[in-house]
Amino acid sequence: MSDTLDLSLGAALVLDGREWVVERREPHTGHVHLVDSGGARQRVTFRYLAHYSGCRPSSRTMQGAERGRQPKSVKDLKPDRLRLVELRYAHLMEVAEGYRSGSPLRPGPGEPRPQYDPDTTTVTARRLAKVAELAAMDRQEARMLGLDRVGMRTLIRWQVKSRSEGVIGCADERWLRESGGHPSVGEEVREAIHAVRAETLHGAKVSMRTRERKIHQYVREQFGDEIKVPSYWVLGRLWHEWFGTGRQRQRYARSAQLPEKGGYVLIDRPGQVVALDTTVLPVMVRESVFDEPVKVHLSLALDTYTHSICAFRLTLVSDTSVDIAMLLRDVMVPLPMRADWEEEMAWPYPGLPAAVVAEFAGYEVAGLPFFAPETVTTDHGSVYRNHRLVQAEKVLGCNILPARVLRPTDKQAVERVFGSIRSLLFEQLPGYTGVDVADQGADPQGDALLTISRLEQVIARWIVETWQRRRLGEYAPHWDPGGDHSPNSLLAAAFEQGGFAMQIPRPELYYQLLPETAVQKIDPRRGVKVLGLYYDGPALGPYRGAGSSRGGARKNRWIVHRDPRDRRTVFFQDPLTHDWHPLKWTGLPPAGTVPAFGDKRTTELLRRAELAGLRPRTDAELLPHLLELMRLANPVDRWPSRLTRADKIEIARERLAGEAAAADRPAPVQRPAAKDATIETPVAIEEERVALEPVTAPHRLGDTVRRRNLIPGQNPAGTAP
């Protein structure tokens with residue numbers, strides 16, 4: 001089918017599946033008037049019709065040989081036919097340009113020949129010379145080369161068709177004639193084929209021979225022996241044409257028959273759709289507590305318009321809904337420049353000076369886009385369907401667009417990015433494990449050298465320095481499919497087309513994204529009870545014993561936010577000033593600190609207290625049990641030789657989650673005055689890490705030796721990506 005669009009009067013074309021007829025043209029203004037079968041009219045420009053992907057010629061007004069067929073290609077030719085077509089095209093180029101290569105920059109030996117010299121001959125003279133040359137050839141040789149019946153009209157026809165179709169325009173139509181098809185089948189056989197299709201689609205995958213037997217059985221039992229059923233080969237060809245090759249997996253074949261829901265989304269600006277996904281990183285790294293080789297999970301946020309990796313997170317074992325909520329917050333927050341990054345990695349986008357962005361952000365910003373996501377698309381993993389994440393997405397104002405069940409094409413962009421990162425980056429790192437167990441090295445655990453924090457720095461640098469500047473290739477935009485574009489250039493083009501709304505969220509967004517807990521009352525003595533533990537602080541003073549003025553489903557309840565990664569602290573928003581205040585766990589000691597513990601450790605603690613029949617008057621009585629669970633009561637229990645690999649990974653995971661929670665938490669405006677206040681920053685945690693021995697008095701601290709031997713040294717917590 002030709003790529004040209006016929007806009008002559010009376011010609012038909014199809015716009016978005018609806019047929020229109022050209023009623024009037026206005027070449028002087030560049031417009032054309034269209035009318036459909038119902039009498040509706042519209043006026044569009046030539047430019048719109050030429051560049052709109054939903055416009056195509058109607059098969060009713062196309063030439064008969066091209067109706068209902070896809071465009072021809074040189075790949076449709078057999079190898080021997082292709083060589084003949086290339087030979088014909090070389091003769092045609094010698095007639096048109098004087099050189100068989102088609103260009104004077106690549107002349108062959110003795111070219112241009114005198115009778116084909118474009119400087120001294122006309123096109124007609126060159127055509128006559130070519131006809132005479134071919135007529136002088138040996139008839140048998142010319143017949144074998146397909147040049148025995150080439151005249152003036154043939155050369156003209158080849159030249160006209162080659163202008164729109166290229167080399168394939170010189171091919172003989174008989175070489176690419178339409179397939180002869182297959183014998184027609186009656187309605188009875190057609191019904192049997194569709195019935196067997198429905199039956200085999202519901203069950204397990206079977207061979208074509210089994211389908212053939214079922215078709216014969218259906219026809220015989222439903223219509224009798226008089227109906228003739230085609231042969232196995234005809235049925236196989238029918239099945240292939242109607243339902244495809246049948247090589248796909250059975251579950252995907254069933255999913256392809258599911259009804260469409262919502263259709264497709266046309267993405268035309270950055271931030272319109274952000275795809276989220278998580279995968280196991282194919283690189284073994286070492287955790288920072290026991291130096292054990294482990295695998296981590298990589299979570300990505302990909303802008304599907306520019307293919308920018310806006311944010312990423314590394315989590316040990318698996319991610320949670322809070323990790324994904326913080327990942328979405330990272331999409332909205334500018335990425336700060338790091339100390340070892342060069343100036344070329346700073347904010348590069350035109351139309352918005354780097355100084356302006358730095359002024360609003362409060363720091364020098366790296367060359368990575370940030371924006372408020374409009375729509376978030378995810379798969380159906382439990383972490384993405386979690387009601388806490390849905391609530392966080394509503395806080396951010398995002399539309400939720402989950403991928404359709406068993407439809408990998410809905411999320412293919414982010415899946416392709418995972419594969420690209422693996423081939424471009426992860427394969428170059430020590431400890432690479434391959435795509436599966438069969439492809440990994442002899443000792444990937446021993447090859448692991450990078451720590452989790454170091455790997456995070458490597459990935460962040462690679463994204464800003466390499467990925468954002470890399471050519472997209474087949475993912476070029478629809479308005480310039482042949483251009484060289486990178487995620488950075490696409491974002492700059494979007495700035496030029498639609499501007500950029502710089503929205504940097506306030507630090508308080510961290511608290512709003514945390515899970516909420518509704519508390520019935522504030523105990524005058526113990527504070528608020530959040531999932532089994534009591535929390536207290538000076539911010540609760542004016543509201544002790546009083547009910548909340550809240551109405552609705554949570555009438556008279558106080559709302560407290562908690563970070564499931566660090567249960568030492570919860571957060572309370574003052575209803576009058578709307579300031580956020582930390583409330584520390586009442587079981588913490590008055591001096592020193594306890595390492596971070598999450599929801600899982602809290603559940604184990606409460607279960608242990610219940611099995612022991614403990615009814616604590618204060619949460620301080622739970623502290624010794626917590627220390628035993630965390631293997632902090634006795635430093636000997638924390639020796640690496642006395643821990644299993646699972647125990648080491650669990651301790652490292654808890655440690656890494658606590659550091660991530662501290663890094664995500666906004667820096668406090670001022671330090672609390674009380675000496676026993678909860679530690680709020682990773683640096684403070686690092687400075688005051690101490691051990692607690694088994695206690696008779698719950699708050700008795702261990703000696704200096706225990707404090708030194710409790711936890712191996714670690715680097716300060718890194719910043720979030």
# chains A, B, ... in the order shown; residues from 1 in each chain; ligands from 1
>>> residues_around(residues="Pro507 in chain A", least_positions_apart="3", cutoff="12 Å", atoms="only C-alpha atoms", output="VMD selection string")
chain A and resid 329 to 330 332 to 333 361 to 362 504 510 to 513 579 to 580 664 to 669
>>> select_by_dssp(residues="range 385-523 of chain A", states="strand (DSSP E)", output="PyMOL selection string")
chain A and resi 399-400+516-519
>>> write_last_selection(atoms="N, CA and C atoms", output="PDB file, in the first residue's frame")
ATOM      1  N   ASN A 399      -4.234   9.732  39.840  1.00  0.00           N
ATOM      2  CA  ASN A 399      -5.195   8.749  39.353  1.00  0.00           C
ATOM      3  C   ASN A 399      -4.526   7.378  39.328  1.00  0.00           C
ATOM      4  N   ILE A 400      -5.236   6.360  39.738  1.00  0.00           N
ATOM      5  CA  ILE A 400      -4.692   5.013  39.810  1.00  0.00           C
ATOM      6  C   ILE A 400      -5.161   4.237  38.587  1.00  0.00           C
ATOM      7  N   GLU A 516      -2.338   6.092  58.811  1.00  0.00           N
ATOM      8  CA  GLU A 516      -3.051   6.756  59.899  1.00  0.00           C
ATOM      9  C   GLU A 516      -3.614   5.728  60.874  1.00  0.00           C
ATOM     10  N   THR A 517      -3.692   6.140  62.128  1.00  0.00           N
ATOM     11  CA  THR A 517      -4.339   5.344  63.172  1.00  0.00           C
ATOM     12  C   THR A 517      -5.277   6.254  63.942  1.00  0.00           C
ATOM     13  N   ALA A 518      -6.541   5.851  64.060  1.00  0.00           N
ATOM     14  CA  ALA A 518      -7.537   6.633  64.792  1.00  0.00           C
ATOM     15  C   ALA A 518      -7.529   6.203  66.258  1.00  0.00           C
ATOM     16  N   VAL A 519      -7.287   7.155  67.157  1.00  0.00           N
ATOM     17  CA  VAL A 519      -7.184   6.892  68.596  1.00  0.00           C
ATOM     18  C   VAL A 519      -8.435   7.429  69.273  1.00  0.00           C
TER      19      VAL A 519
END
>>> residues_around(residues="Phe418 in chain A", least_positions_apart="2", cutoff="12 Å", atoms="only C-alpha atoms", output="number ranges by chain")
A: 276-282, 297-302, 307, 309, 312, 411-416, 420-426, 435
>>> write_last_selection(atoms="C-alpha atoms", output="PDB file, in the first residue's frame")
ATOM      1  CA  LEU A 276       5.945   1.705  39.063  1.00  0.00           C
ATOM      2  CA  ASP A 277       7.458  -1.739  39.351  1.00  0.00           C
ATOM      3  CA  THR A 278       9.819  -3.757  41.542  1.00  0.00           C
ATOM      4  CA  THR A 279      12.291  -6.480  40.613  1.00  0.00           C
ATOM      5  CA  VAL A 280      14.997  -8.491  42.326  1.00  0.00           C
ATOM      6  CA  LEU A 281      18.354  -6.909  41.553  1.00  0.00           C
ATOM      7  CA  PRO A 282      20.583  -9.348  39.590  1.00  0.00           C
ATOM      8  CA  HIS A 297      14.929  -5.309  45.519  1.00  0.00           C
ATOM      9  CA  LEU A 298      14.958  -2.399  43.073  1.00  0.00           C
ATOM     10  CA  SER A 299      11.823  -0.252  42.775  1.00  0.00           C
ATOM     11  CA  LEU A 300      11.580   2.161  39.838  1.00  0.00           C
ATOM     12  CA  ALA A 301       9.366   5.114  38.970  1.00  0.00           C
ATOM     13  CA  LEU A 302       9.430   5.661  35.184  1.00  0.00           C
ATOM     14  CA  HIS A 307      11.344   7.423  29.701  1.00  0.00           C
ATOM     15  CA  ILE A 309      13.888   7.169  35.658  1.00  0.00           C
ATOM     16  CA  PHE A 312      14.384   4.529  42.590  1.00  0.00           C
ATOM     17  CA  LYS A 411       3.625  -2.183  31.594  1.00  0.00           C
ATOM     18  CA  GLN A 412       6.152  -3.037  28.901  1.00  0.00           C
ATOM     19  CA  ALA A 413       7.992   0.293  29.137  1.00  0.00           C
ATOM     20  CA  VAL A 414       9.209  -0.235  32.692  1.00  0.00           C
ATOM     21  CA  GLU A 415       9.903  -3.929  32.030  1.00  0.00           C
ATOM     22  CA  ARG A 416      12.085  -2.929  29.077  1.00  0.00           C
ATOM     23  CA  SER A 420      18.224  -2.171  29.628  1.00  0.00           C
ATOM     24  CA  ILE A 421      19.681  -1.419  33.052  1.00  0.00           C
ATOM     25  CA  ARG A 422      20.733  -5.044  33.395  1.00  0.00           C
ATOM     26  CA  SER A 423      22.623  -5.061  30.088  1.00  0.00           C
ATOM     27  CA  LEU A 424      24.060  -1.534  30.365  1.00  0.00           C
ATOM     28  CA  LEU A 425      24.994  -1.414  34.061  1.00  0.00           C
ATOM     29  CA  PHE A 426      24.442  -4.506  36.172  1.00  0.00           C
ATOM     30  CA  VAL A 435      18.967 -13.783  34.492  1.00  0.00           C
TER      31      VAL A 435
END
>>> residues_around(residues="range 374-378 of chain A", least_positions_apart="2", cutoff="10 Å", atoms="only C-alpha atoms", output="PyMOL selection string")
chain A and resi 270-278+301-304+328+371-372+380-381+383-385+393+396-404+410-411+414
>>> write_last_selection(atoms="C-alpha atoms", output="tab-separated table (two decimals), in the first residue's frame")
chain	number	residue	atom	x	y	z
A	270	PRO	CA	5.76	14.42	31.17
A	271	GLY	CA	4.22	13.24	34.40
A	272	GLN	CA	0.95	12.21	32.79
A	273	VAL	CA	1.62	8.51	33.48
A	274	VAL	CA	4.27	7.20	35.88
A	275	ALA	CA	4.83	3.44	35.86
A	276	LEU	CA	5.94	1.70	39.06
A	277	ASP	CA	7.46	-1.74	39.35
A	278	THR	CA	9.82	-3.76	41.54
A	301	ALA	CA	9.37	5.11	38.97
A	302	LEU	CA	9.43	5.66	35.18
A	303	ASP	CA	7.89	8.59	33.33
A	304	THR	CA	6.39	6.85	30.30
A	328	LEU	CA	6.30	8.65	44.70
A	371	PHE	CA	6.96	16.70	38.78
A	372	ALA	CA	3.68	15.80	40.40
A	380	HIS	CA	-1.36	-6.33	40.77
A	381	GLY	CA	1.26	-7.10	43.40
A	383	VAL	CA	2.32	-3.96	47.79
A	384	TYR	CA	0.67	-1.92	45.00
A	385	ARG	CA	-2.89	-2.95	45.85
A	393	GLU	CA	-1.77	8.15	46.06
A	396	LEU	CA	-0.74	13.12	46.15
A	397	GLY	CA	-3.74	13.60	43.84
A	398	CYS	CA	-2.82	10.73	41.52
A	399	ASN	CA	-5.19	8.75	39.35
A	400	ILE	CA	-4.69	5.01	39.81
A	401	LEU	CA	-4.52	3.01	36.58
A	402	PRO	CA	-3.67	-0.64	37.37
A	403	ALA	CA	-2.46	-2.79	34.50
A	404	ARG	CA	-4.95	-5.28	33.13
A	410	ASP	CA	0.35	-2.42	29.69
A	411	LYS	CA	3.63	-2.18	31.59
A	414	VAL	CA	9.21	-0.23	32.69
>>> select_by_dssp(residues="range 402-601 of chain A", states="helix (DSSP H, G or I)", output="ChimeraX atom specification")
/A:408-424,426-428,437-439,444-447,452-465,467-469,473-475,487-498,509-512,538-543,552-554,599-601
>>> residues_around(residues="Gly351 in chain A", least_positions_apart="5", cutoff="10 Å", atoms="only C-alpha atoms", output="JSON, numbers by chain")
{"A": [492, 495, 496, 499, 500]}
>>> residues_around(residues="range 336-343 of chain A", least_positions_apart="2", cutoff="7 Å", atoms="only C-alpha atoms", output="mmCIF file with N, CA, C and O atoms, in the first residue's frame")
data_model
loop_
_atom_site.group_PDB
_atom_site.id
_atom_site.type_symbol
_atom_site.label_atom_id
_atom_site.label_comp_id
_atom_site.auth_asym_id
_atom_site.auth_seq_id
_atom_site.Cartn_x
_atom_site.Cartn_y
_atom_site.Cartn_z
ATOM 1 N N PRO A 334 13.089 17.499 43.895
ATOM 2 C CA PRO A 334 14.317 17.567 43.087
ATOM 3 C C PRO A 334 15.438 16.746 43.718
ATOM 4 O O PRO A 334 15.593 16.710 44.941
ATOM 5 N N MET A 345 26.450 17.227 35.512
ATOM 6 C CA MET A 345 25.297 16.486 36.021
ATOM 7 C C MET A 345 24.291 17.389 36.716
ATOM 8 O O MET A 345 23.300 16.903 37.257
ATOM 9 N N ALA A 346 24.539 18.694 36.717
ATOM 10 C CA ALA A 346 23.611 19.637 37.349
ATOM 11 C C ALA A 346 22.407 19.876 36.449
ATOM 12 O O ALA A 346 22.330 19.396 35.317
ATOM 13 N N TYR A 363 18.786 23.749 47.693
ATOM 14 C CA TYR A 363 20.076 23.112 47.441
ATOM 15 C C TYR A 363 20.282 23.047 45.929
ATOM 16 O O TYR A 363 19.350 23.262 45.151
ATOM 17 N N GLU A 364 21.521 22.737 45.511
ATOM 18 C CA GLU A 364 21.812 22.593 44.091
ATOM 19 C C GLU A 364 21.165 21.317 43.571
ATOM 20 O O GLU A 364 21.302 20.252 44.176
ATOM 21 N N VAL A 365 20.485 21.419 42.421
ATOM 22 C CA VAL A 365 19.653 20.333 41.916
ATOM 23 C C VAL A 365 20.368 19.619 40.776
ATOM 24 O O VAL A 365 20.989 20.252 39.911
ATOM 25 N N ALA A 366 20.279 18.294 40.778
ATOM 26 C CA ALA A 366 20.880 17.479 39.728
ATOM 27 C C ALA A 366 19.973 17.427 38.502
ATOM 28 O O ALA A 366 18.794 17.810 38.552
#
>>> closest_residue(among="A:Leu92, A:Ile227, A:Val283, A:Ala195", to="Gly169 in chain A", atoms="only C-alpha atoms")
A:Leu92
>>> residues_around(residues="range 457-468 of chain A", least_positions_apart="6", cutoff="7 Å", atoms="only C-alpha atoms", output="PyMOL selection string")
chain A and resi 308+345+367-368+486-488+721
